[in-house]
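What follows is upload.tsv (TSV, C-alpha atoms).
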chain	number	residue	atom	x	y	z
J	239	MET	CA	-4.33	15.79	-0.52
J	240	ARG	CA	-4.00	17.99	-3.59
J	241	ARG	CA	-7.35	19.61	-2.74
J	242	ASP	CA	-6.05	20.51	0.71
J	243	HIS	CA	-3.07	22.14	-0.92
J	244	THR	CA	-5.24	24.19	-3.25
J	245	ASP	CA	-7.44	25.20	-0.33
J	246	LEU	CA	-4.41	26.25	1.66
J	247	GLU	CA	-3.17	28.36	-1.21
J	248	THR	CA	-6.52	30.12	-1.60
J	249	ARG	CA	-6.81	30.68	2.14
J	250	ILE	CA	-3.39	32.24	2.49
J	251	GLU	CA	-3.89	34.50	-0.49
J	252	ALA	CA	-7.26	35.60	0.91
J	253	LEU	CA	-5.74	36.31	4.33
J	254	LEU	CA	-2.97	38.37	2.83
J	255	ARG	CA	-5.49	40.43	0.84
J	256	ASP	CA	-7.91	40.96	3.76
J	257	PRO	CA	-7.71	44.64	4.90
J	258	ALA	CA	-8.83	43.59	8.39
J	259	TYR	CA	-5.40	42.04	8.95
J	260	GLN	CA	-3.33	44.79	7.36
J	261	GLU	CA	-1.98	45.88	10.74
J	262	HIS	CA	-1.74	42.42	12.30
J	263	PRO	CA	1.84	41.66	13.43
J	264	MET	CA	1.64	38.14	11.98
J	265	ARG	CA	0.60	39.34	8.56
J	266	GLU	CA	4.10	40.42	7.62
J	267	ALA	CA	5.53	37.12	8.86
J	268	LEU	CA	3.00	35.16	6.82
J	269	GLU	CA	3.75	37.18	3.71
J	270	SER	CA	7.49	36.62	4.11
J	271	LEU	CA	6.92	32.92	4.62
J	272	TRP	CA	4.73	32.80	1.52
J	273	GLN	CA	7.31	34.62	-0.58
J	274	TYR	CA	10.01	32.34	0.75
J	275	THR	CA	7.98	29.29	-0.30
J	276	MET	CA	7.61	30.64	-3.83
J	277	HIS	CA	11.30	31.42	-3.97
J	278	GLN	CA	12.05	27.85	-2.92
J	279	LEU	CA	9.83	26.53	-5.68
J	280	THR	CA	11.64	28.62	-8.27
J	281	ARG	CA	14.92	27.23	-6.95
J	282	LEU	CA	13.59	23.70	-7.08
J	283	GLU	CA	12.47	24.18	-10.67
J	284	ARG	CA	15.82	25.65	-11.54
J	285	VAL	CA	17.71	22.75	-9.94
J	286	SER	CA	15.68	20.20	-11.81
J	287	HIS	CA	16.35	22.07	-15.04
J	288	VAL	CA	20.00	22.50	-14.48
J	289	SER	CA	20.98	20.65	-17.64
J	290	ASP	CA	17.84	21.16	-19.65
J	291	GLU	CA	14.73	23.23	-19.99
J	292	PHE	CA	12.25	20.59	-20.96
J	293	GLN	CA	9.34	21.94	-18.97
J	294	ALA	CA	6.86	23.79	-21.09
J	295	MET	CA	6.74	26.84	-18.84
J	296	ALA	CA	3.44	28.08	-20.25
J	297	ARG	CA	1.70	24.97	-19.02
J	298	GLN	CA	3.41	25.31	-15.66
J	299	ARG	CA	2.10	28.79	-15.04
J	300	GLU	CA	-1.49	27.61	-15.23
J	301	LEU	CA	-0.90	25.27	-12.33
J	302	GLY	CA	-1.09	26.39	-8.71
J	303	LEU	CA	2.01	26.76	-6.60
J	304	MET	CA	1.49	23.60	-4.60
J	305	GLU	CA	0.71	21.57	-7.67
J	306	ARG	CA	3.90	22.76	-9.32
J	307	TYR	CA	5.75	21.82	-6.14
J	308	ASP	CA	4.32	18.31	-6.07
J	309	ARG	CA	4.99	17.82	-9.74
J	310	GLN	CA	8.63	18.90	-9.43
J	311	VAL	CA	9.32	16.75	-6.41
J	312	ASN	CA	7.64	13.77	-8.04
J	313	GLN	CA	9.51	14.15	-11.29
J	314	MET	CA	12.84	14.58	-9.60
J	315	SER	CA	12.49	11.60	-7.34
J	316	ARG	CA	11.33	9.42	-10.23
J	317	ALA	CA	14.15	10.58	-12.48
J	318	ALA	CA	16.65	9.95	-9.69
J	319	ARG	CA	15.29	6.46	-9.07
J	320	ILE	CA	15.34	5.52	-12.75
J	321	SER	CA	18.80	7.01	-13.14
J	322	ASP	CA	20.12	4.95	-10.24
J	323	ARG	CA	18.83	1.81	-11.89
J	324	TYR	CA	20.53	2.70	-15.16
J	325	GLN	CA	23.80	3.17	-13.25
J	326	ARG	CA	23.46	-0.27	-11.70
J	327	MET	CA	22.73	-1.78	-15.11
J	328	LEU	CA	25.89	-0.19	-16.51
J	329	GLN	CA	27.99	-1.41	-13.60
J	330	ASP	CA	26.74	-4.97	-14.08
J	331	LEU	CA	27.47	-4.81	-17.81
J	332	ASN	CA	30.96	-3.52	-17.08
J	333	ARG	CA	31.64	-6.33	-14.65
J	334	THR	CA	30.47	-8.92	-17.16
J	335	LEU	CA	32.67	-7.44	-19.87
J	336	ARG	CA	35.67	-7.27	-17.57
J	337	GLU	CA	35.25	-10.89	-16.53
J	338	ALA	CA	34.76	-12.00	-20.12
J	339	SER	CA	38.07	-10.37	-21.01
J	340	TYR	CA	40.15	-12.39	-18.57
J	341	LYS	CA	38.19	-15.52	-17.71
J	342	ASP	CA	37.62	-18.77	-19.50
J	343	PRO	CA	33.83	-18.99	-19.85
J	344	LEU	CA	33.64	-22.77	-19.34
J	345	THR	CA	35.80	-23.29	-16.26
J	346	GLY	CA	35.85	-19.79	-14.76
J	347	LEU	CA	39.66	-20.05	-14.62
J	348	PHE	CA	41.82	-17.28	-16.02
J	349	ASN	CA	42.16	-17.40	-19.79
J	350	ARG	CA	45.26	-17.54	-21.95
J	351	ARG	CA	45.29	-13.78	-22.49
J	352	LEU	CA	45.44	-13.02	-18.77
J	353	LEU	CA	48.05	-15.73	-18.23
J	354	MET	CA	50.31	-14.20	-20.87
J	355	ASP	CA	49.97	-10.77	-19.27
J	356	ARG	CA	50.79	-12.17	-15.85
J	357	LEU	CA	53.75	-14.17	-17.16
J	358	LYS	CA	55.17	-10.98	-18.65
J	359	GLU	CA	54.65	-9.08	-15.37
J	360	GLU	CA	56.03	-11.90	-13.26
J	361	SER	CA	59.15	-12.12	-15.46
J	362	LEU	CA	59.80	-8.39	-14.95
J	363	ARG	CA	59.30	-8.79	-11.23
J	364	ALA	CA	61.67	-11.76	-11.14
J	365	GLU	CA	64.31	-9.63	-12.90
J	366	ARG	CA	63.98	-6.94	-10.23
J	367	SER	CA	63.79	-9.18	-7.18
J	368	GLY	CA	66.13	-11.92	-8.32
J	369	HIS	CA	63.57	-14.55	-7.28
J	370	GLY	CA	62.32	-16.74	-10.11
J	371	TYR	CA	58.91	-18.29	-10.50
J	372	VAL	CA	57.78	-21.78	-11.38
J	373	LEU	CA	55.80	-22.35	-14.55
J	374	GLY	CA	53.83	-25.59	-14.57
J	375	LEU	CA	52.09	-26.95	-17.62
J	376	LEU	CA	49.45	-29.59	-16.86
J	377	ASP	CA	47.63	-31.77	-19.34
J	378	LEU	CA	44.79	-34.20	-18.55
J	379	ASP	CA	45.66	-37.78	-19.48
J	380	TYR	CA	43.60	-39.60	-22.12
J	381	PHE	CA	41.07	-36.80	-22.19
J	382	LYS	CA	40.15	-37.70	-25.76
J	383	ARG	CA	38.80	-41.02	-24.46
J	384	ILE	CA	36.32	-39.19	-22.22
J	385	ASN	CA	35.15	-36.99	-25.07
J	386	ASP	CA	34.89	-39.94	-27.46
J	387	GLY	CA	33.40	-42.35	-24.93
J	388	TYR	CA	30.92	-40.15	-23.10
J	389	GLY	CA	30.45	-37.14	-25.35
J	390	HIS	CA	31.58	-33.56	-25.22
J	391	ASP	CA	29.14	-32.58	-22.48
J	392	ALA	CA	30.79	-35.10	-20.16
J	393	GLY	CA	34.19	-33.80	-21.26
J	394	ASP	CA	33.17	-30.24	-20.43
J	395	ARG	CA	31.89	-31.31	-17.03
J	396	VAL	CA	35.20	-33.00	-16.27
J	397	LEU	CA	37.08	-29.82	-17.21
J	398	VAL	CA	34.86	-27.75	-14.90
J	399	GLU	CA	35.31	-30.16	-11.98
J	400	ILE	CA	39.05	-30.49	-12.43
J	401	ALA	CA	39.34	-26.71	-12.59
J	402	GLY	CA	37.70	-26.55	-9.17
J	403	VAL	CA	40.01	-29.24	-7.80
J	404	MET	CA	43.11	-27.43	-9.03
J	405	ARG	CA	41.97	-24.11	-7.65
J	406	ALA	CA	41.49	-25.70	-4.25
J	407	ALA	CA	44.88	-27.43	-4.32
J	408	ILE	CA	47.13	-24.45	-5.09
J	409	ARG	CA	48.33	-21.83	-2.65
J	410	GLU	CA	46.57	-18.51	-2.23
J	411	TYR	CA	49.10	-16.55	-4.30
J	412	ASP	CA	49.47	-19.11	-7.10
J	413	LEU	CA	47.73	-18.57	-10.37
J	414	CYS	CA	45.86	-21.21	-12.33
J	415	GLY	CA	44.42	-20.80	-15.80
J	416	ARG	CA	43.26	-22.68	-18.86
J	417	TRP	CA	45.96	-22.57	-21.48
J	418	GLY	CA	43.81	-24.29	-24.08
J	419	GLY	CA	41.80	-27.51	-24.59
J	420	GLU	CA	42.63	-29.78	-21.66
J	421	GLU	CA	45.87	-27.98	-20.91
J	422	PHE	CA	46.29	-25.82	-17.81
J	423	LEU	CA	49.02	-23.43	-16.77
J	424	LEU	CA	50.14	-22.83	-13.20
J	425	LEU	CA	52.19	-19.83	-12.22
J	426	LEU	CA	53.85	-20.08	-8.80
J	427	PRO	CA	55.44	-16.73	-7.91
J	428	GLU	CA	58.72	-16.55	-5.98
J	429	THR	CA	59.03	-20.30	-5.90
J	430	GLY	CA	62.01	-22.57	-6.52
J	431	HIS	CA	62.24	-25.93	-8.24
J	432	ALA	CA	61.83	-28.21	-5.21
J	433	GLU	CA	58.94	-26.28	-3.71
J	434	GLY	CA	57.22	-26.06	-7.11
J	435	HIS	CA	57.58	-29.80	-7.55
J	436	GLU	CA	55.82	-30.28	-4.24
J	437	VAL	CA	52.91	-27.98	-5.12
J	438	LEU	CA	52.40	-29.52	-8.54
J	439	GLY	CA	52.62	-33.00	-7.01
J	440	ARG	CA	49.85	-32.03	-4.64
J	441	VAL	CA	47.70	-30.79	-7.51
J	442	LEU	CA	48.20	-34.04	-9.40
J	443	ALA	CA	47.30	-36.09	-6.32
J	444	ALA	CA	44.13	-34.04	-5.85
J	445	ILE	CA	43.12	-34.70	-9.45
J	446	ARG	CA	43.89	-38.41	-9.18
J	447	ASN	CA	41.91	-38.75	-5.94
J	448	HIS	CA	38.92	-36.78	-7.13
J	449	GLU	CA	36.01	-39.09	-7.82
J	450	MET	CA	33.57	-38.24	-10.54
J	451	HIS	CA	30.67	-40.15	-11.95
J	452	TYR	CA	29.15	-40.49	-15.33
J	453	GLY	CA	25.71	-41.95	-14.71
J	454	ASP	CA	26.59	-44.67	-12.21
J	455	GLN	CA	30.04	-45.28	-13.62
J	456	PRO	CA	32.97	-43.89	-11.67
J	457	LEU	CA	35.26	-41.63	-13.67
J	458	VAL	CA	38.86	-41.21	-12.67
J	459	VAL	CA	41.12	-38.70	-14.35
J	460	SER	CA	44.82	-38.07	-14.01
J	461	ALA	CA	47.14	-35.39	-15.31
J	462	SER	CA	50.76	-35.03	-16.34
J	463	GLY	CA	52.84	-31.97	-15.71
J	464	GLY	CA	56.01	-30.28	-16.87
J	465	LEU	CA	57.83	-27.81	-14.64
J	466	ALA	CA	60.35	-25.08	-15.44
J	467	VAL	CA	61.84	-22.22	-13.40
J	468	TYR	CA	62.24	-18.78	-14.92
J	469	ARG	CA	65.86	-17.88	-15.52
J	470	SER	CA	67.09	-14.31	-15.31
J	471	GLY	CA	67.44	-12.66	-18.70
J	472	GLU	CA	65.11	-14.91	-20.64
J	473	SER	CA	61.61	-14.29	-21.93
J	474	TYR	CA	58.73	-16.30	-20.51
J	475	ALA	CA	58.38	-17.99	-23.92
J	476	GLU	CA	61.66	-19.78	-23.24
J	477	THR	CA	60.54	-20.90	-19.77
J	478	LEU	CA	57.32	-22.11	-21.34
J	479	LYS	CA	59.20	-24.07	-23.98
J	480	ARG	CA	61.16	-25.98	-21.31
J	481	ALA	CA	57.98	-26.71	-19.31
J	482	ASP	CA	56.39	-27.99	-22.50
J	483	ARG	CA	59.33	-30.30	-23.20
J	484	ALA	CA	59.18	-31.59	-19.62
J	485	LEU	CA	55.44	-32.26	-20.04
J	486	TYR	CA	56.19	-34.26	-23.15
J	487	VAL	CA	58.68	-36.37	-21.20
J	488	ALA	CA	56.12	-36.89	-18.40
J	489	LYS	CA	53.64	-38.20	-20.96
J	490	ARG	CA	56.23	-40.50	-22.50
J	491	GLN	CA	57.33	-41.86	-19.14
J	492	GLY	CA	53.82	-43.14	-18.46
J	493	ARG	CA	51.72	-40.10	-17.47
J	494	ASP	CA	50.25	-39.09	-14.06
J	495	ARG	CA	53.55	-37.54	-12.95
J	496	ILE	CA	55.48	-34.31	-12.75
J	497	VAL	CA	58.72	-33.97	-14.68
J	498	GLY	CA	61.03	-31.07	-13.94
J	499	GLU	CA	63.30	-29.41	-16.46
J	500	ASP	CA	66.26	-30.85	-14.54
J	501	GLN	CA	65.19	-34.27	-15.79
J	502	LEU	CA	65.48	-33.18	-19.41
J	503	SER	CA	68.42	-34.72	-21.15
P	845	MET	CA	5.18	20.22	-39.95
P	846	GLU	CA	8.39	18.60	-40.92
P	847	ASP	CA	9.82	15.15	-40.38
P	848	LEU	CA	12.85	14.72	-38.13
P	849	ASN	CA	15.76	12.49	-38.97
P	850	ILE	CA	18.62	12.57	-36.50
P	851	PRO	CA	21.35	10.01	-37.23
P	852	GLY	CA	22.40	8.02	-34.18
P	853	GLY	CA	25.93	8.05	-32.82
P	854	GLN	CA	27.83	6.59	-29.90
P	855	SER	CA	26.16	8.84	-27.33
P	856	VAL	CA	23.19	10.03	-29.37
P	857	PRO	CA	20.16	7.91	-30.20
P	858	GLY	CA	18.86	7.68	-33.75
P	859	ILE	CA	15.60	9.62	-33.94
P	860	GLN	CA	13.04	9.56	-36.75
P	861	ALA	CA	9.77	11.48	-36.61
P	862	ASP	CA	7.38	10.73	-39.46
P	863	VAL	CA	4.40	13.08	-39.72
P	864	ALA	CA	2.62	11.11	-42.45
P	865	ARG	CA	2.78	7.83	-40.54
P	866	GLY	CA	2.35	9.41	-37.11
P	867	ILE	CA	5.39	7.63	-35.73
P	868	LEU	CA	8.25	8.80	-33.54
P	869	ALA	CA	11.05	6.23	-33.36
P	870	MET	CA	14.19	6.29	-31.22
P	871	GLN	CA	17.00	3.72	-30.96
P	872	GLY	CA	20.27	3.29	-29.11
P	873	ASP	CA	22.13	4.83	-26.17
P	874	SER	CA	21.47	8.39	-25.05
P	875	TYR	CA	24.00	10.42	-23.08
P	876	PRO	CA	24.33	13.49	-25.30
P	877	GLU	CA	26.73	16.31	-24.53
P	878	ASN	CA	24.00	18.84	-25.07
P	879	PRO	CA	20.69	17.21	-24.14
P	880	PHE	CA	18.65	20.37	-24.71
P	881	GLU	CA	19.86	20.71	-28.28
P	882	LEU	CA	19.07	17.09	-29.00
P	883	PHE	CA	15.70	16.74	-27.31
P	884	ASN	CA	14.21	20.19	-27.74
P	885	PRO	CA	13.28	19.62	-31.43
P	886	VAL	CA	11.83	16.23	-30.52
P	887	ILE	CA	9.69	17.66	-27.73
P	888	ARG	CA	8.61	20.51	-30.05
P	889	TRP	CA	7.72	17.96	-32.72
P	890	VAL	CA	5.52	15.96	-30.34
P	891	GLU	CA	3.88	19.17	-29.14
P	892	ASP	CA	3.19	20.33	-32.72
P	893	TYR	CA	1.92	16.95	-33.80
P	894	ILE	CA	-0.54	16.78	-30.92
P	895	ASP	CA	-1.65	20.39	-31.53
P	896	HIS	CA	-1.98	20.25	-35.32
P	897	GLU	CA	-2.86	16.68	-36.17
P	898	THR	CA	-5.85	14.62	-35.14
P	899	ARG	CA	-4.41	11.26	-36.18
P	900	PRO	CA	-2.93	8.79	-33.68
P	901	LEU	CA	0.68	9.06	-32.50
P	902	ALA	CA	2.82	5.99	-31.90
P	903	LEU	CA	6.26	5.86	-30.26
P	904	GLU	CA	8.54	3.02	-31.36
P	905	LEU	CA	11.42	2.84	-28.88
P	906	GLU	CA	14.53	0.71	-28.79
P	907	LEU	CA	16.44	2.74	-26.24
P	908	LEU	CA	19.20	1.16	-24.17
P	909	TYR	CA	21.17	3.37	-21.78
P	910	LEU	CA	19.72	6.77	-20.83
P	911	ASN	CA	21.48	9.38	-18.71
P	912	THR	CA	19.55	11.57	-16.28
P	913	SER	CA	18.82	14.38	-18.77
P	914	SER	CA	17.56	11.88	-21.32
P	915	ILE	CA	15.37	10.25	-18.67
P	916	ARG	CA	13.82	13.64	-17.94
P	917	ALA	CA	13.27	14.32	-21.63
P	918	MET	CA	11.50	10.97	-22.03
P	919	MET	CA	9.39	11.68	-18.94
P	920	GLU	CA	8.41	15.00	-20.48
P	921	ILE	CA	7.39	13.32	-23.74
P	922	PHE	CA	5.36	10.69	-21.88
P	923	ASP	CA	3.68	13.48	-19.88
P	924	MET	CA	2.59	15.09	-23.15
P	925	LEU	CA	1.22	11.78	-24.39
P	926	GLU	CA	-0.62	11.32	-21.10
P	927	ALA	CA	-2.23	14.76	-21.40
P	928	ALA	CA	-3.23	14.04	-25.02
P	929	HIS	CA	-4.64	10.66	-24.01
P	930	ARG	CA	-6.76	12.28	-21.32
P	931	GLN	CA	-8.21	14.57	-23.99
P	932	GLY	CA	-9.32	11.53	-25.94
P	933	ARG	CA	-6.43	11.26	-28.40
P	934	THR	CA	-5.09	7.90	-29.53
P	935	VAL	CA	-1.48	7.57	-28.44
P	936	GLY	CA	0.70	4.57	-27.62
P	937	VAL	CA	4.23	3.39	-26.89
P	938	ASN	CA	5.97	0.21	-28.00
P	939	TRP	CA	9.26	-0.23	-26.17
P	940	TYR	CA	11.32	-3.09	-27.64
P	941	TYR	CA	14.14	-4.79	-25.78
P	942	ASP	CA	16.57	-7.60	-26.43
P	943	ARG	CA	15.65	-10.80	-24.59
P	944	ASN	CA	19.28	-10.98	-23.44
P	945	ASN	CA	18.96	-7.73	-21.55
P	946	GLU	CA	15.95	-7.93	-19.25
P	947	ARG	CA	17.17	-4.89	-17.34
P	948	VAL	CA	16.00	-2.67	-20.19
P	949	ALA	CA	12.49	-4.08	-19.78
P	950	GLU	CA	12.55	-3.34	-16.03
P	951	LEU	CA	13.53	0.25	-16.75
P	952	ALA	CA	10.83	0.66	-19.40
P	953	GLU	CA	8.47	-0.60	-16.71
P	954	GLU	CA	9.52	2.31	-14.47
P	955	PHE	CA	8.63	4.80	-17.19
P	956	LYS	CA	5.31	3.08	-17.75
P	957	GLU	CA	4.27	3.37	-14.10
P	958	ASP	CA	2.35	6.67	-14.30
P	959	CYS	CA	1.02	6.24	-17.85
P	960	THR	CA	-2.60	5.29	-18.46
P	961	PHE	CA	-2.29	5.09	-22.27
P	962	PRO	CA	-1.27	1.82	-24.02
P	963	PHE	CA	2.40	1.18	-23.23
P	964	ALA	CA	3.75	-2.17	-24.45
P	965	ILE	CA	7.14	-3.59	-23.49
P	966	LEU	CA	8.08	-6.18	-26.08
P	967	ALA	CA	10.89	-8.73	-26.27
P	968	ARG	CA	12.74	-9.10	-29.51
P	969	ARG	CA	14.59	-12.14	-30.86

Please express what this file holds, its structure, as structure tokens.
Amino acid sequence: MRRDHTDLETRIEALLRDPAYQEHPMREALESLWQYTMHQLTRLERVSHVSDEFQAMARQRELGLMERYDRQVNQMSRAARISDRYQRMLQDLNRTLREASYKDPLTGLFNRRLLMDRLKEESLRAERSGHGYVLGLLDLDYFKRINDGYGHDAGDRVLVEIAGVMRAAIREYDLCGRWGGEEFLLLLPETGHAEGHEVLGRVLAAIRNHEMHYGDQPLVVSASGGLAVYRSGESYAETLKRADRALYVAKRQGRDRIVGEDQLS
Amino acid sequence: MEDLNIPGGQSVPGIQADVARGILAMQGDSYPENPFELFNPVIRWVEDYIDHETRPLALELELLYLNTSSIRAMMEIFDMLEAAHRQGRTVGVNWYYDRNNERVAELAEEFKEDCTFPFAILARR
């Protein structure tokens, strides 16, 4: 292939020099075409050196035109291919970093940091729209027994499974995250007390009905929940405090139930 | 011939060229604002070393991200090594990567493709 190129180069140069063709009408066309080709090569070399001048030009000059052409095209396509792969690597790294910043690595649910951001945003939105949101705090019942009885690996597996169950049980626009340990936070935008009670009740039923196994032993888990509705003018910390108190009452009343803030004495 | 010692920064790799030991080492990310200014001395150094020394030359690389200009500079350096190798010189590359980032190894593999001299891609940790 390269030999053909070199031959072609020699042949054209010989033809252009040959006095027998001096008057031939095609000679001028061939010469223009040849000059155009060289001009294109210079352009190509310039384009590939737009940000740098790494080519040792002295070495280049020793090479034939076609060889320089091949070399340039090869180098550029390789550099472009490698560069594309570096871009993809960066994009993947960025995605991983972004996910790590707002997701809980064990369950894949949103983490506490994202939940706090969203609670702040949702509170502002509630102030503007006049529609409150429901904040639900859920805690798995007797989770310590699973950890103590079957080990932490089993405990982690339960958390992962329950996370999936909760995600499937909420509505599309609800938010579910891991608040810490075996405690989960649910944010139900533009939702009132009664409707929130219903959603949280559904989540609890889904957890209760979800069958898991440890070896051949069936594992059943339940959860308790406290519910509070954001009130205009307050900070989400106050809403959270009421949900937390309601959760405490739910635990004391026997667990596996939702208690609303209206049931607080 | 002089040694080179370019301290690394956020967008500039650390570069050390040691004439006595015959080693050129580079570490880190490379997306310099002025690639010519950064790489020209390095390319000159490799050129001089190959022209004036007869001892082997080893590249010790721990490069992570490279932008297009840096890729071209590395290709140019590898081309010089290839030419030296074809003239019977002893040259080689060791490209180290973190086991947690296999992508770097795949990219080093791309650079290796056209090289006939020893080019090792080695996992660390």

With a distance cut-off of 9 Å and only C-alpha atoms, select the neighbouring residues of segment 960-963 of chain P, excluding the residue or stretch itself and same-chain residues fewer than 5 positions from it, and output the selection as a PDB file with C-alpha atoms, in the frame of the given file.
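That gives us out-v1.pdb:
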ATOM      1  CA  LEU P 925       1.220  11.780 -24.390  1.00  0.00           C
ATOM      2  CA  GLU P 926      -0.620  11.320 -21.100  1.00  0.00           C
ATOM      3  CA  HIS P 929      -4.640  10.660 -24.010  1.00  0.00           C
ATOM      4  CA  ARG P 930      -6.760  12.280 -21.320  1.00  0.00           C
ATOM      5  CA  THR P 934      -5.090   7.900 -29.530  1.00  0.00           C
ATOM      6  CA  VAL P 935      -1.480   7.570 -28.440  1.00  0.00           C
ATOM      7  CA  GLY P 936       0.700   4.570 -27.620  1.00  0.00           C
ATOM      8  CA  VAL P 937       4.230   3.390 -26.890  1.00  0.00           C
ATOM      9  CA  ASN P 938       5.970   0.210 -28.000  1.00  0.00           C
ATOM     10  CA  TRP P 939       9.260  -0.230 -26.170  1.00  0.00           C
TER      11      TRP P 939
END

**Study point:** Nearest to Arg319 of chain J by atom-to-atom distance, counting all atoms listed in the file, from P:Arg916, P:Arg943, P:Arg865, P:Arg888
**Key:**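 Distance minimum relative to Arg319 of chain J lands on P:Arg916.
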
Study note, to complete from the structure: Students should find that atom CA of Arg968 of chain P and atom CA of Thr912 of chain P are spaced 25.5 Å

Check your understanding: Which of these residues is nearest to chain J, using all atoms listed in the file: P:Glu846, P:Pro857, P:Leu882, P:Gly866?
Key -> P:Leu882

Practice item. Would you mind reading off the distance between atom CA of Phe883 of chain P and atom CA of Ala917 of chain P, one decimal, in Å? Key: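 Taking atom CA of Phe883 of chain P as the start and atom CA of Ala917 of chain P as the end point, the length is 6.6 Å.
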
Exercise for review: Can you work out which one of P:Pro879, P:Gly932, P:Gly858, P:Pro900 has the shortest atom-to-atom distance to chain J, counting all atoms listed in the file?
Suggested key: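 Smallest separation from chain J among the options: P:Pro879.
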
Review point. Pick from P:Lys956, P:Ile887, P:Leu966, P:Tyr941: nearest to chain J, with only C-alpha atoms counted?
Key: P:Ile887

Exercise for review: Skip Tyr411 of chain J itself and residues of its chain fewer than 6 positions away, then list as a PyMOL selection string all residues within 10 Å of it, counting all atoms listed in the file.
Suggested key: chain J and resi 425-428

Give me, as a PDB file with C-alpha atoms, in the coordinates of the input, all polymer residues having an atom no more than 10 Å from Gln871 of chain P, counting only C-alpha atoms and skipping those fewer than 4 positions away in the same chain.
ATOM      1  CA  PRO P 851      21.350  10.010 -37.230  1.00  0.00           C
ATOM      2  CA  GLY P 852      22.400   8.020 -34.180  1.00  0.00           C
ATOM      3  CA  VAL P 856      23.190  10.030 -29.370  1.00  0.00           C
ATOM      4  CA  PRO P 857      20.160   7.910 -30.200  1.00  0.00           C
ATOM      5  CA  GLY P 858      18.860   7.680 -33.750  1.00  0.00           C
ATOM      6  CA  ILE P 859      15.600   9.620 -33.940  1.00  0.00           C
ATOM      7  CA  GLN P 860      13.040   9.560 -36.750  1.00  0.00           C
ATOM      8  CA  GLU P 904       8.540   3.020 -31.360  1.00  0.00           C
ATOM      9  CA  LEU P 905      11.420   2.840 -28.880  1.00  0.00           C
ATOM     10  CA  GLU P 906      14.530   0.710 -28.790  1.00  0.00           C
ATOM     11  CA  LEU P 907      16.440   2.740 -26.240  1.00  0.00           C
ATOM     12  CA  LEU P 908      19.200   1.160 -24.170  1.00  0.00           C
ATOM     13  CA  TRP P 939       9.260  -0.230 -26.170  1.00  0.00           C
ATOM     14  CA  TYR P 940      11.320  -3.090 -27.640  1.00  0.00           C
TER      15      TYR P 940
END

**Study point:** Sphere at (5.3, 15.3, -30.9), radius 10 Å, counting only C-alpha atoms: residues as a count of residues only
**Key:** 25

Exercise for review: Work out how far apart atom CA of Gln310 of chain J and atom CA of Phe955 of chain P are and give it in Å to one decimal.
Suggested key: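 Taking atom CA of Gln310 of chain J as the start and atom CA of Phe955 of chain P as the end point, the length is 16.1 Å.
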
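Proximity of P:Ala864, P:Arg899, P:Tyr909, P:Ala967 to chain J, computed with all atoms listed in the file, is greatest for P:Tyr909.
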
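Polymer residues near (65.7, -35.9, -20.1): counting only C-alpha atoms with a cut-off of 10 Å, they are Arg483, Ala484, Val487, Ala488, Val497, Gly498, Glu499, Asp500, Gln501, Leu502 and Ser503 of chain J.
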
Practice item. List the neighbours of segment 448-465 of chain J out to 10 Å using all atoms listed in the file; skip same-chain residues closer than 3 positions along the sequence, and give me the result as JSON, numbers by chain. Key: {"J": [372, 373, 374, 375, 376, 377, 378, 379, 380, 381, 384, 388, 392, 395, 396, 399, 400, 403, 420, 421, 422, 423, 424, 431, 434, 435, 438, 439, 441, 442, 443, 444, 445, 477, 478, 479, 480, 481, 482, 483, 484, 485, 486, 487, 488, 489, 490, 491, 492, 493, 494, 495, 496, 497, 498, 499, 500, 501]}

**Study point:** Residue among P:Asp873, P:Glu953, P:Glu946, P:Glu920 lying closest to chain J, counting only C-alpha atoms
**Key:** P:Glu920

Find the axis-aligned box for segment 461-469 of chain J, covering all its listed atoms and adding 3 Å on each side, and write its centre and edge lengths in Å to one decimal as JSON.
{"center_x": 56.5, "center_y": -26.6, "center_z": -15.1, "size_x": 24.7, "size_y": 23.5, "size_z": 9.5}
